[in-house]
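Asker: Mind looking over this structure? Questions follow.
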Amino acid sequence: MKITEIFKEKEVTLSFEVFPPKTDNGYPAVEKAAAEIAALGPDFMSVTYGAGGGTSKNTASIAADLQDKYHVPVLAHLTCVSSDKDHVRKMINTYKEKGIENIMALRGDIPKEGRTHFDYNHATELIYDIKSVDPDICIGGACYPEGHIECTRQSEDIQHLKEKVEAGCDFLTTQMFFDNSTLYQFLYRIKDKGIDVPVIPGIMPITNEKQVARSVALSGSTIPQKMKIMVDRFQDNPEKLKEAGIIYACDQIIDLISNGVSHIHVYSMNKPDIAAGIMRNLGAIIK
Ligand code: FAD
């Protein structure tokens, strides 16, 4: 099912994310985590594609399993910066053959060791290529409430986002953020520029101390004082910190829904217990 159709059918939706294993040995563990998260009944699940500029050979099969075995609509990610046009076209066709109707079109991070492929510079070019293979595929794009880490002026980032939406994005999912006022300001700015596709806030439950540094390094997202204090208070008790992190995320989500946001994506990171914690608190509101 297309994500745009799900949005038409349901007033409030909740989706979860899983990432594929780096090696084949890791496949069974990811498969199990994905199945457990699927059993919680999210409106859809996303499956990421590589990381740090890498590609992924397992995204398609995990996404297809979620759809075929567990009947959860899927959003399969695809990055382009480390691929040539042939490989990208093959991936789009693989997704199509597996009945995947939603693709998250991403540039991917520039690899630390430098680029080896030069067919793509930006996600917009990938969106045009997906549309050329099948104009009917539902396409998502990434957006950055605090600005993309490479872009020094947010107005330029928003101008590029507009071009990305005009290329054919049906919806946008945000980078993680920990203070909702950041999102509200961003929504106001993009609306002012005429970007009117649904924006799905991406919520990352922070459930251990290391995750804070990792999240900042990856995304450049600001950690509010309130979160720093929470992590400091519970850092010696992992169980308490996990529960506090889930509640922090739920608090963010309740505030978003109360303020008129309809669709929420949770970076559940292959952790069924965290997805279950979110559902335990919010299931009655989402269903
Ligand atoms: P783009 O939209 O191409 O933007 C990248 C930068 O280029 C921005 O600074 C933008 O302003 C600038 N730009 C865009 N167009 C132009 C132009 N025409 N001229 C000049 N500058 C331009 N990474 C993975 O490897 N796998 C994943 O599965 C994955 N999933 C993600 C999901 C979400 C929701 C988010 C927010 C990020 C995800 N990422 C993933 C990370 C993402 O690949 C990186 O953030 C990457 O650096 C940018 O990807 P993008 O698609 O946003 O790029």
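Chain identifiers are assigned as A, B, and so on, following the order in which chains appear in the structure tokens; residues are numbered from 1 within each chain, and ligands are numbered from 1 in order of appearance.
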Which residues are near ligand 1 - at most 7 Å, using only C-alpha atoms and all ligand atoms? Format: as a count of residues only.
Answerer: 39
Asker: Could you please write out, as a list in words, every residue of region 44-157 of chain A that DSSP assigns to strand (DSSP E)?
Answerer: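 Assigned to strand (DSSP E), within region 44-157 of chain A: Phe44, Met45, Ser46, Val47, Val74, Leu75, Ala76, His77, Leu78, Thr79, Asn102, Ile103, Met104, Ala105, Leu106, Cys138, Ile139, Gly140, Gly141, Ala142 and Cys143 of chain A.
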Asker: Using DSSP on the backbone, list every residue of region 118-162 of chain A that comes out as helix (DSSP H, G or I), and give them as a tab-separated table (two decimals) with C-alpha atoms, in the first residue's frame.
Answerer:
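Wrote result-v2.tsv, looks like this:
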```
chain	number	residue	atom	x	y	z
A	123	ALA	CA	18.74	13.17	-4.02
A	124	THR	CA	16.72	15.20	-6.54
A	125	GLU	CA	18.52	13.42	-9.39
A	126	LEU	CA	17.58	10.05	-7.88
A	127	ILE	CA	13.93	11.12	-7.65
A	128	TYR	CA	13.89	11.92	-11.38
A	129	ASP	CA	15.39	8.48	-12.11
A	130	ILE	CA	12.83	6.66	-9.92
A	131	LYS	CA	10.03	8.56	-11.68
A	132	SER	CA	11.49	7.60	-15.06
A	133	VAL	CA	11.36	3.90	-14.14
A	154	GLN	CA	19.03	27.17	6.07
A	155	SER	CA	17.34	29.27	3.39
A	156	GLU	CA	19.50	27.51	0.75
A	157	ASP	CA	18.72	24.12	2.26
A	158	ILE	CA	15.00	24.92	2.08
A	159	GLN	CA	15.37	26.08	-1.55
A	160	HIS	CA	16.98	22.71	-2.40
A	161	LEU	CA	14.21	20.97	-0.49
A	162	LYS	CA	11.66	22.76	-2.64
```
Asker: Any idea what the distance is between CA of Leu187 (chain A) and CA of His263 (chain A)?
Answerer: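 CA of His263 (chain A) lies at a distance of 13.6 Å from CA of Leu187 (chain A).
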Asker: State, in Å with one decimal place, the distance from CA of Ile229 (chain A) to CA of Asn281 (chain A).
Answerer: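 Going from CA of Ile229 (chain A) over to CA of Asn281 (chain A) covers 22.2 Å.
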Asker: Quick check, in Å to one decimal: how far apart do CA of Thr152 (chain A) and CA of Phe177 (chain A) lie?
Answerer: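 CA of Thr152 (chain A) sits 17.8 Å away from CA of Phe177 (chain A).
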Asker: Leaving out Lys242 (chain A) and any residue of its chain fewer than 3 positions from it, which residues lie within 10 Å of it when counting only C-alpha atoms, given as a PyMOL selection string?
Answerer: chain A and resi 205-209+231+234-235+237-239+245-248+273-274+277
Asker: Excluding Glu97 (chain A) and its own-chain neighbours fewer than 6 positions away, which residues fall within 12 Å of it when counting only C-alpha atoms? Please give them as a PyMOL selection string.
Answerer: chain A and resi 60-61+64+90-91+134
Asker: Which residue is closest to Pro224 (chain A)? Choose from A:Ala33, A:Val212, A:Gly168, A:Cys138 and count only C-alpha atoms.
Answerer: A:Val212
